[in-house]
Structure formats: structure tokens, C-alpha cells
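Pasting target_3.txt here (compact mmCIF, C-alpha atoms):
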# COMPACT_ATOMS: atom_id res chain seq x y z
CA MET A 914 -15.75 4.72 12.47
CA ASN A 915 -16.26 4.32 8.71
CA MET A 916 -12.95 3.51 7.06
CA PHE A 917 -12.54 4.20 3.33
CA ILE A 918 -9.62 2.72 1.40
CA SER A 919 -9.11 4.20 -2.06
CA GLY A 920 -6.66 2.92 -4.60
CA SER A 921 -6.29 0.12 -7.09
CA LEU A 922 -7.95 -3.25 -7.46
CA ALA A 923 -5.88 -5.47 -9.70
CA TYR A 924 -4.99 -8.96 -10.71
CA ASP A 925 -1.34 -9.55 -9.81
CA ARG A 926 0.70 -11.71 -12.16
CA ILE A 927 3.69 -12.63 -10.00
CA MET A 928 6.94 -13.97 -11.44
CA ASP A 929 10.23 -15.09 -9.88
CA PHE A 930 13.55 -14.38 -11.54
CA PRO A 931 16.15 -16.93 -10.31
CA GLY A 932 18.99 -14.40 -10.45
CA ARG A 933 19.80 -10.81 -9.57
CA PHE A 934 18.76 -7.86 -11.70
CA VAL A 935 22.01 -6.06 -10.93
CA GLU A 936 24.01 -8.79 -12.66
CA HIS A 937 22.21 -8.16 -15.95
CA ILE A 938 22.04 -4.37 -16.07
CA LEU A 939 25.11 -2.50 -17.33
CA PRO A 940 25.26 0.97 -15.74
CA GLU A 941 27.22 2.41 -18.66
CA LYS A 942 24.48 1.22 -21.05
CA ILE A 943 21.46 2.30 -19.03
CA HIS A 944 20.55 4.88 -21.71
CA VAL A 945 19.99 2.04 -24.21
CA LEU A 946 18.57 -0.52 -21.81
CA ASN A 947 17.44 -3.72 -23.51
CA VAL A 948 17.20 -6.63 -21.11
CA CYS A 949 15.20 -9.84 -20.76
CA PHE A 950 14.67 -11.85 -17.57
CA ASN A 951 13.72 -15.51 -17.96
CA ILE A 952 11.34 -16.38 -15.14
CA ASN A 953 10.48 -19.59 -13.30
CA GLY A 954 6.75 -19.32 -13.94
CA LEU A 955 3.74 -17.11 -13.39
CA VAL A 956 0.86 -17.19 -10.93
CA GLU A 957 -2.19 -14.92 -10.80
CA LYS A 958 -3.38 -13.52 -7.47
CA PHE A 959 -5.86 -10.94 -6.26
CA GLY A 960 -4.13 -7.64 -5.62
CA GLY A 961 -4.11 -3.87 -5.91
CA THR A 962 -3.33 -1.52 -3.05
CA ALA A 963 -6.92 -0.97 -1.94
CA GLY A 964 -7.78 -4.66 -2.11
CA ASN A 965 -4.63 -5.73 -0.27
CA ILE A 966 -5.06 -3.25 2.59
CA ALA A 967 -8.74 -4.08 2.95
CA TYR A 968 -7.99 -7.82 2.99
CA SER A 969 -5.51 -7.54 5.87
CA LEU A 970 -7.94 -5.28 7.72
CA ALA A 971 -10.56 -8.01 7.34
CA MET A 972 -8.12 -10.43 9.02
CA LEU A 973 -7.93 -7.86 11.82
CA GLY A 974 -11.70 -7.78 12.25
CA GLU A 975 -12.47 -4.61 10.26
CA SER A 976 -14.79 -4.13 7.27
CA PRO A 977 -13.49 -1.07 5.40
CA PHE A 978 -15.11 0.31 2.28
CA ILE A 979 -12.99 -0.07 -0.86
CA VAL A 980 -13.22 2.97 -3.16
CA ALA A 981 -12.08 1.87 -6.61
CA THR A 982 -13.10 0.79 -10.10
CA SER A 983 -13.30 -2.69 -11.58
CA GLY A 984 -13.58 -4.22 -15.03
CA GLU A 985 -15.77 -6.80 -16.71
CA ASP A 986 -13.53 -9.65 -15.46
CA PHE A 987 -13.99 -8.72 -11.79
CA SER A 988 -16.55 -11.36 -10.75
CA ARG A 989 -13.99 -13.78 -9.24
CA TYR A 990 -12.38 -11.00 -7.24
CA GLU A 991 -15.76 -9.69 -6.08
CA GLU A 992 -16.73 -13.15 -4.79
CA TRP A 993 -13.45 -13.24 -2.86
CA LEU A 994 -14.12 -9.89 -1.22
CA VAL A 995 -17.62 -10.95 -0.21
CA GLN A 996 -16.25 -14.21 1.25
CA ASN A 997 -14.00 -12.09 3.45
CA SER A 998 -16.85 -9.83 4.63
CA LEU A 999 -15.63 -6.81 2.67
CA PRO A 1000 -18.35 -4.51 1.30
CA THR A 1001 -18.30 -3.69 -2.40
CA THR A 1002 -20.63 -0.68 -2.19
CA PHE A 1003 -18.10 1.83 -3.58
CA ILE A 1004 -16.49 -0.37 -6.23
CA LYS A 1005 -17.62 1.07 -9.56
CA ALA A 1006 -17.91 -1.36 -12.47
CA ILE A 1007 -16.63 -0.11 -15.84
CA PRO A 1008 -18.20 -2.07 -18.75
CA GLY A 1009 -16.08 -3.23 -21.66
CA ILE A 1010 -12.79 -2.73 -19.78
CA LEU A 1011 -10.53 -5.19 -17.95
CA THR A 1012 -9.66 -4.82 -14.29
CA ALA A 1013 -6.19 -3.35 -13.71
CA GLY A 1014 -3.27 -5.79 -13.90
CA ALA A 1015 0.18 -5.74 -12.31
CA TYR A 1016 3.04 -7.80 -13.71
CA ILE A 1017 5.61 -8.20 -10.92
CA THR A 1018 9.04 -9.81 -11.27
CA THR A 1019 11.08 -10.42 -8.09
CA ASP A 1020 14.77 -11.35 -8.04
CA LEU A 1021 16.80 -13.27 -5.43
CA ASP A 1022 17.47 -10.05 -3.47
CA ASP A 1023 13.73 -9.28 -3.29
CA ASN A 1024 14.16 -6.39 -5.73
CA GLN A 1025 11.10 -5.95 -7.90
CA ILE A 1026 10.32 -4.65 -11.38
CA THR A 1027 6.63 -4.03 -12.02
CA ALA A 1028 4.66 -3.18 -15.15
CA PHE A 1029 1.13 -1.97 -14.48
CA ASN A 1030 -1.84 -1.82 -16.85
CA PRO A 1031 -4.43 0.54 -15.30
CA GLY A 1032 -7.41 -0.87 -17.19
CA ALA A 1033 -10.55 0.17 -15.32
CA MET A 1034 -8.45 2.28 -12.97
CA ALA A 1035 -8.13 4.85 -15.76
CA PHE A 1036 -11.75 5.76 -14.99
CA GLU A 1037 -12.80 7.80 -11.97
CA ALA A 1038 -14.54 6.13 -9.03
CA ASP A 1039 -17.66 7.37 -7.26
CA LEU A 1040 -16.22 9.02 -4.17
CA PRO A 1041 -18.31 8.62 -1.00
CA THR A 1042 -19.45 11.40 1.28
CA VAL A 1043 -17.27 11.54 4.40
CA ASN A 1044 -17.88 13.14 7.77
CA GLY A 1045 -16.53 13.30 11.30
CA THR A 1046 -16.96 9.57 11.84
CA SER A 1047 -14.83 8.73 8.80
CA GLU A 1048 -11.16 8.09 8.14
CA VAL A 1049 -9.74 8.02 4.63
CA PHE A 1050 -6.72 6.21 3.23
CA ILE A 1051 -5.67 7.50 -0.19
CA GLY A 1052 -3.47 4.92 -1.86
CA PRO A 1053 -2.01 4.78 -5.38
CA GLY A 1054 -4.81 4.63 -7.91
CA ASN A 1055 -6.57 6.98 -10.30
CA LYS A 1056 -4.77 10.33 -9.88
CA THR A 1057 -7.92 12.42 -10.23
CA ASP A 1058 -9.61 10.35 -7.52
CA MET A 1059 -6.59 10.81 -5.25
CA ILE A 1060 -6.62 14.59 -5.70
CA ASN A 1061 -10.38 14.90 -5.31
CA PHE A 1062 -10.61 12.56 -2.31
CA ALA A 1063 -7.89 14.52 -0.52
CA GLN A 1064 -9.77 17.74 -1.16
CA LYS A 1065 -13.04 16.18 -0.04
CA ALA A 1066 -11.45 15.01 3.21
CA ARG A 1067 -9.85 18.42 3.85
CA LEU A 1068 -13.14 20.27 3.36
CA ALA A 1069 -14.96 17.84 5.69
CA GLY A 1070 -12.22 18.00 8.33
CA VAL A 1071 -11.70 14.25 8.00
CA PRO A 1072 -8.24 12.80 8.76
CA PHE A 1073 -6.63 11.19 5.75
CA PHE A 1074 -3.52 9.20 4.91
CA PHE A 1075 -1.71 10.04 1.68
CA ASP A 1076 0.30 7.27 0.03
CA PRO A 1077 1.24 8.02 -3.61
CA GLY A 1078 3.40 4.88 -3.80
CA GLN A 1079 3.99 3.51 -7.26
CA SER A 1080 1.77 6.17 -8.83
CA LEU A 1081 4.50 8.79 -8.41
CA ASN A 1082 5.54 8.49 -12.05
CA ILE A 1083 2.24 10.09 -13.20
CA TRP A 1084 2.34 13.14 -10.90
CA THR A 1085 3.79 16.62 -11.19
CA GLY A 1086 5.43 18.32 -8.25
CA ASP A 1087 2.67 20.91 -8.01
CA GLU A 1088 -0.01 18.21 -7.91
CA LEU A 1089 1.78 16.34 -5.14
CA ARG A 1090 2.29 19.47 -3.06
CA GLU A 1091 -1.42 20.25 -3.26
CA ALA A 1092 -2.72 16.72 -2.65
CA VAL A 1093 -0.61 15.91 0.43
CA SER A 1094 -1.23 19.20 2.25
CA GLY A 1095 -3.34 18.71 5.37
CA ALA A 1096 -2.86 14.95 5.54
CA LEU A 1097 -2.78 13.30 8.92
CA CYS A 1098 -0.05 10.96 7.70
CA PHE A 1099 2.24 10.64 4.71
CA ILE A 1100 3.29 7.01 4.31
CA SER A 1101 5.72 5.53 1.80
CA ASN A 1102 8.82 3.40 1.54
CA ASP A 1103 12.25 5.02 1.71
CA TYR A 1104 12.74 5.08 -2.08
CA GLU A 1105 9.33 6.68 -2.63
CA LEU A 1106 10.02 9.31 0.04
CA ALA A 1107 13.26 10.29 -1.71
CA LEU A 1108 11.49 10.47 -5.08
CA PHE A 1109 8.59 12.45 -3.58
CA ARG A 1110 11.01 14.99 -2.10
CA ARG A 1111 12.87 15.35 -5.39
CA MET A 1112 9.61 15.86 -7.31
CA THR A 1113 8.24 18.42 -4.85
CA ASP A 1114 11.62 20.06 -4.17
CA TRP A 1115 10.75 19.80 -0.46
CA THR A 1116 12.98 19.27 2.53
CA MET A 1117 11.68 17.15 5.38
CA GLY A 1118 10.98 20.43 7.16
CA ASP A 1119 8.68 21.45 4.30
CA LEU A 1120 6.84 18.14 4.61
CA TYR A 1121 6.42 18.56 8.39
CA LYS A 1122 4.58 21.84 7.74
CA ARG A 1123 1.95 20.00 5.66
CA VAL A 1124 1.43 16.69 7.50
CA LYS A 1125 1.44 15.60 11.12
CA ILE A 1126 3.04 12.16 10.82
CA VAL A 1127 5.52 10.64 8.37
CA ILE A 1128 5.90 6.86 8.28
CA THR A 1129 8.61 5.34 6.11
CA THR A 1130 8.87 1.58 5.60
CA MET A 1131 12.26 0.02 4.88
CA GLY A 1132 11.53 -3.65 4.24
CA SER A 1133 13.35 -6.02 6.57
CA ASP A 1134 15.02 -3.04 8.28
CA GLY A 1135 11.67 -2.03 9.78
CA ALA A 1136 9.93 1.34 9.63
CA VAL A 1137 10.64 4.87 10.81
CA LEU A 1138 7.97 6.87 12.65
CA ASP A 1139 8.75 10.55 12.17
CA VAL A 1140 6.92 13.26 14.13
CA GLU A 1141 8.36 16.60 13.02
CA GLY A 1142 11.89 15.24 13.04
CA ASP A 1143 11.55 13.13 16.17
CA ARG A 1144 12.27 9.74 14.62
CA MET A 1145 11.73 6.28 16.07
CA LEU A 1146 12.81 3.05 14.43
CA ILE A 1147 10.21 0.28 14.63
CA PRO A 1148 12.04 -3.01 13.98
CA ALA A 1149 10.54 -5.57 11.66
CA ILE A 1150 9.50 -8.97 12.98
CA PRO A 1151 11.88 -11.60 11.57
CA VAL A 1152 10.24 -14.68 10.10
CA SER A 1153 11.89 -17.99 9.35
CA ASP A 1154 10.74 -18.29 5.74
CA VAL A 1155 10.18 -15.22 3.57
CA LEU A 1156 8.39 -16.44 0.45
CA ASP A 1157 7.24 -13.20 -1.18
CA PRO A 1158 7.67 -9.55 -0.13
CA THR A 1159 4.92 -8.43 -2.52
CA GLY A 1160 2.13 -6.80 -0.51
CA ALA A 1161 4.02 -6.57 2.78
CA GLY A 1162 3.77 -2.78 2.67
CA ASP A 1163 0.01 -2.97 2.19
CA ALA A 1164 -0.30 -5.37 5.13
CA PHE A 1165 1.76 -2.91 7.19
CA ARG A 1166 -0.66 -0.12 6.33
CA ALA A 1167 -3.58 -2.29 7.43
CA GLY A 1168 -2.00 -2.76 10.83
CA VAL A 1169 -1.52 0.99 11.21
CA LEU A 1170 -5.16 1.61 10.29
CA LYS A 1171 -6.32 -1.05 12.76
CA ALA A 1172 -4.43 0.77 15.49
CA ARG A 1173 -6.11 4.01 14.50
CA ALA A 1174 -9.50 2.33 14.88
CA MET A 1175 -8.41 1.25 18.36
CA ASN A 1176 -7.08 4.73 19.32
CA LEU A 1177 -3.59 3.36 19.95
CA PRO A 1178 -0.40 5.48 19.91
CA TRP A 1179 1.53 5.87 16.67
CA ASP A 1180 4.49 3.77 17.76
CA VAL A 1181 2.13 0.91 18.62
CA ALA A 1182 0.39 1.48 15.28
CA CYS A 1183 3.67 0.88 13.45
CA GLN A 1184 4.27 -2.23 15.54
CA LEU A 1185 0.84 -3.54 14.54
CA GLY A 1186 1.81 -2.75 10.98
CA ALA A 1187 5.03 -4.74 11.27
CA THR A 1188 3.14 -7.66 12.80
CA SER A 1189 0.62 -7.69 9.97
CA ALA A 1190 3.42 -7.50 7.38
CA SER A 1191 5.17 -10.49 8.95
CA PHE A 1192 2.19 -12.71 8.14
CA SER A 1193 2.09 -11.47 4.55
CA VAL A 1194 5.70 -12.27 3.63
CA GLU A 1195 5.26 -15.89 4.69
CA HIS A 1196 2.93 -16.50 1.74
CA TYR A 1197 3.17 -16.21 -2.02
CA GLY A 1198 0.80 -13.44 -3.06
CA THR A 1199 -0.72 -10.43 -1.36
CA GLN A 1200 -3.98 -11.92 -0.07
CA GLU A 1201 -2.92 -15.44 0.86
CA HIS A 1202 -2.11 -15.01 4.55
CA ARG A 1203 -4.71 -15.79 7.18
CA PHE A 1204 -4.68 -15.28 10.94
CA ASN A 1205 -7.07 -14.57 13.77
CA TRP A 1206 -6.81 -11.91 16.44
CA ASP A 1207 -5.35 -14.30 19.04
CA GLU A 1208 -2.59 -15.41 16.65
CA PHE A 1209 -1.90 -11.80 15.78
CA CYS A 1210 -1.62 -10.76 19.43
CA GLN A 1211 0.66 -13.69 20.22
CA ARG A 1212 3.08 -12.72 17.47
CA TYR A 1213 2.92 -9.05 18.44
CA SER A 1214 3.56 -9.86 22.11
CA SER A 1215 6.54 -12.09 21.29
CA ALA A 1216 8.18 -9.21 19.43
CA TYR A 1217 7.13 -6.07 21.30
CA GLY A 1218 5.55 -7.08 24.61
CA ALA A 1219 1.93 -7.40 25.64
CA LEU A 1220 -0.58 -5.52 23.49
CA VAL A 1221 -2.57 -3.21 25.77
CA CYS A 1222 -5.84 -2.08 24.31
Take the structure in the file and give it back as C-alpha cells.
Amino acid sequence: MNMFISGSLAYDRIMDFPGRFVEHILPEKIHVLNVCFNINGLVEKFGGTAGNIAYSLAMLGESPFIVATSGEDFSRYEEWLVQNSLPTTFIKAIPGILTAGAYITTDLDDNQITAFNPGAMAFEADLPTVNGTSEVFIGPGNKTDMINFAQKARLAGVPFFFDPGQSLNIWTGDELREAVSGALCFISNDYELALFRRMTDWTMGDLYKRVKIVITTMGSDGAVLDVEGDRMLIPAIPVSDVLDPTGAGDAFRAGVLKARAMNLPWDVACQLGATSASFSVEHYGTQEHRFNWDEFCQRYSSAYGALVC
């Protein structure tokens, strides 16, 4: 199966705020918000939704195609992808433009405030031809690419995941309703699901009519697998030292996609996702964790029982 992961490639600038955002935001003054958070420092890491998902899939033995755009400063990131056996065939270089950049500040409660410069992501990618041996994951990225890739998958009868994520602020309700229709799976966190429903004016029943599976991640509370209202909670795997939640959701998605490649049931897919996410949060950055298949299976088995595949 050819797996295509569309979305952003970005340099993440990650910052820690040694306090809590809530202590510095006055609800009665939210209409004139003017706040500064002094941080402990800044580190730069490889990131972006497409890159993060593909990286964790590489740890799981897959070599998905990343469908994205990059800027003139991408050479270091490209070398990293090649080192991890990830093809760069469908990464389109945009001359004279910087690669997208995310500026992420995390507080003591793991709440995050992110500013995102799209850079090269403002330009459309070259979308690949897909067929019956393909599976498509549409993550937050260039909105036109997301709309067109969804349509391309629908016309080809190719299953696709739709994950608008942090791109929701650039969509209209009509655009979202059109893009998600026919998806195999709608995946988001609980906040994004609530925002998506408000923007589309859809009930969960309306969403069930358009997609087969709804997966909602809830951080340390786990994830909910929802099949037309039949919901199952998939608990997260607790780890002793959570260093950085950034990218855990992308690692989760990689585990789900790995399960799809193995033809495993959806509940097991979410468990693989939780296992992959547990490795991510133990490291600072979104592409810093490393594990092999044996280590992955050991952690999965300790939490959920033997992995049968």
C-alpha cells in the first residue's frame, strides 16, 4: 500500500513558560488582550504535521510519501528525512521562500499557544495520482491542497483521513462540510472537534452521515473511538517523565496508520496510536523519539495485552 501524508513541513521553535497562562489572562479584559510570557529559552526542531507523522511511521517500519512544500532553508530537514528512509519525491521546493515555522509556547499545565508562519506552505503542492492501492492522510496544511486532495481521493475511491487540526481558523463552514464528506476517518482532538462542529453547524449525527469513523484524542485522558455513536475509550499509556506534549497527537496518528497498513481493527489502531504517542512525550521535540518494533510491541503488550498481527 502506498501511503501519502499531506500537511505541513515546518521548523518548530519550542519555548517553555515556567508558569500558567491562566494566571496571566484576565477574562474580563479578553477583548483588549495584551500579554507577554517570559520564556526559559528556545530550541529549534524539525516539525510540521506531515513530517511528524511520517517520522513516527518510519520508526514503525513504514516509508510514507510526504506531500508538502518546502522553502530555500530546507536542506537540513531534507537530509534528516533521507537519514530516516523517508522519500522526498512529493516535497515541492519553493524558491525564495522560507520553510514554514511554528512558534510554540507551553506552560506548566501543558497548555500551548502557537503562532504559525506558513512560508512555503502558502504555495500549493504537486498532488500525486492515487489509486486502489493508496491511502491518504490529509493533515493541516495548505487549504487548497486539502480540498483538492480530498476530492482526488473521493473520485478515485481511495480511503482518506481528514484532520483539519490547527488549520481550522482559515476555513469556512461550507468548505469544511465539503472537504470532510466521504472520509474514512475524521480525526482531531476534543477542542478541535467542538470547534469543527460549531463552524459546520453539525451535530455528531450529521458527521456520522459523512464519515465512517471519528477518532478524538484527549491528551493524557486517552482517545475516543466513535463508530456512529458507539464510543470506546482507549486509555493513554502513562509514562514516568512527560517532557513535551508537542507532537504526541501526530505520533498517535502514525500508530493508527500503521495499524491500517496491518489490517488491524480500529480499537487496536487507537491502541497503537497511544503507544506511539507515549514514546513522543518522553522527548523534547516532535521527532526526537526513537524505538524499534520489539520495543514498541513490549510497551504495547504491557498496556493492552499481546499484539496479535
request  = Counting all atoms listed in the file, figure out which residue out of A:Glu1201, A:Leu1089, A:Ala1219, A:Thr1042 gets nearest to Val1181 (chain A).
outcome  =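 For Val1181 (chain A), the nearest of the given residues is A:Ala1219.
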key: CA of Cys1183 (chain A) to CA of Ala1066 (chain A), straight-line distance in Å   =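 According to the coordinates, CA of Ala1066 (chain A) and CA of Cys1183 (chain A) are separated by 23.1 Å.
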request  = Give me, please, the distance in Å between CA of Val1137 (chain A) and CA of Asn965 (chain A), quoted to one decimal.
outcome  = 21.6 Å
Residues at most 12 Å from Gly1218 (chain A), counting only C-alpha atoms, excluding those fewer than 6 positions away in the same chain, as an mmCIF file with C-alpha atoms, in the coordinates of the input?
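Saved the output as around_29.cif:
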data_model
loop_
_atom_site.group_PDB
_atom_site.id
_atom_site.type_symbol
_atom_site.label_atom_id
_atom_site.label_comp_id
_atom_site.auth_asym_id
_atom_site.auth_seq_id
_atom_site.Cartn_x
_atom_site.Cartn_y
_atom_site.Cartn_z
ATOM 1 C CA VAL A 1181 2.130 0.910 18.620
ATOM 2 C CA GLN A 1184 4.270 -2.230 15.540
ATOM 3 C CA LEU A 1185 0.840 -3.540 14.540
ATOM 4 C CA CYS A 1210 -1.620 -10.760 19.430
ATOM 5 C CA GLN A 1211 0.660 -13.690 20.220
ATOM 6 C CA ARG A 1212 3.080 -12.720 17.470
#
Dump as a Markdown table the rows for residues of region 1025-1142 of chain A within 9 Å of region 1156-1162 of chain A: closest atom pair and distance in Å with one decimal, all atoms listed in the file counted, ordered by chain and rising residue number.
| residue | atom | partner | partner_atom | distance |
| --- | --- | --- | --- | --- |
| A:Gln1025 | CA | A:Thr1159 | CA | 8.6 |
| A:Ser1101 | CA | A:Gly1162 | CA | 8.6 |
| A:Asn1102 | CA | A:Gly1162 | CA | 8.1 |
| A:Thr1130 | CA | A:Gly1162 | CA | 7.3 |
| A:Gly1132 | CA | A:Gly1162 | CA | 8.0 |
task = Can you pull out every residue within 8 Å of region 1007-1024 of chain A, counting all atoms listed in the file, but drop anything in the same chain fewer than 6 positions away, and send it as a PyMOL selection string?
result = chain A and resi 921-934+952+961+982-987+1030-1034+1036+1157-1158
request  = Could you check how far CA of Thr1199 (chain A) sits from CA of Ala971 (chain A), in Å to one decimal?
outcome  =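 Computed distance, CA of Thr1199 (chain A) to CA of Ala971 (chain A), equals 13.4 Å.
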request  = Using only C-alpha atoms, pick whichever of A:Leu955, A:Arg1110, A:Gly920, A:Glu991 has the shortest atom-to-atom distance to Phe1075 (chain A).
outcome  =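 Checking each candidate against Phe1075 (chain A), we get A:Gly920 as the closest.
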query = Hey, which of A:Phe978, A:Leu1138, A:Glu957, A:Met972 ends up closest to Tyr990 (chain A)? Count all atoms listed in the file.
reply = A:Glu957
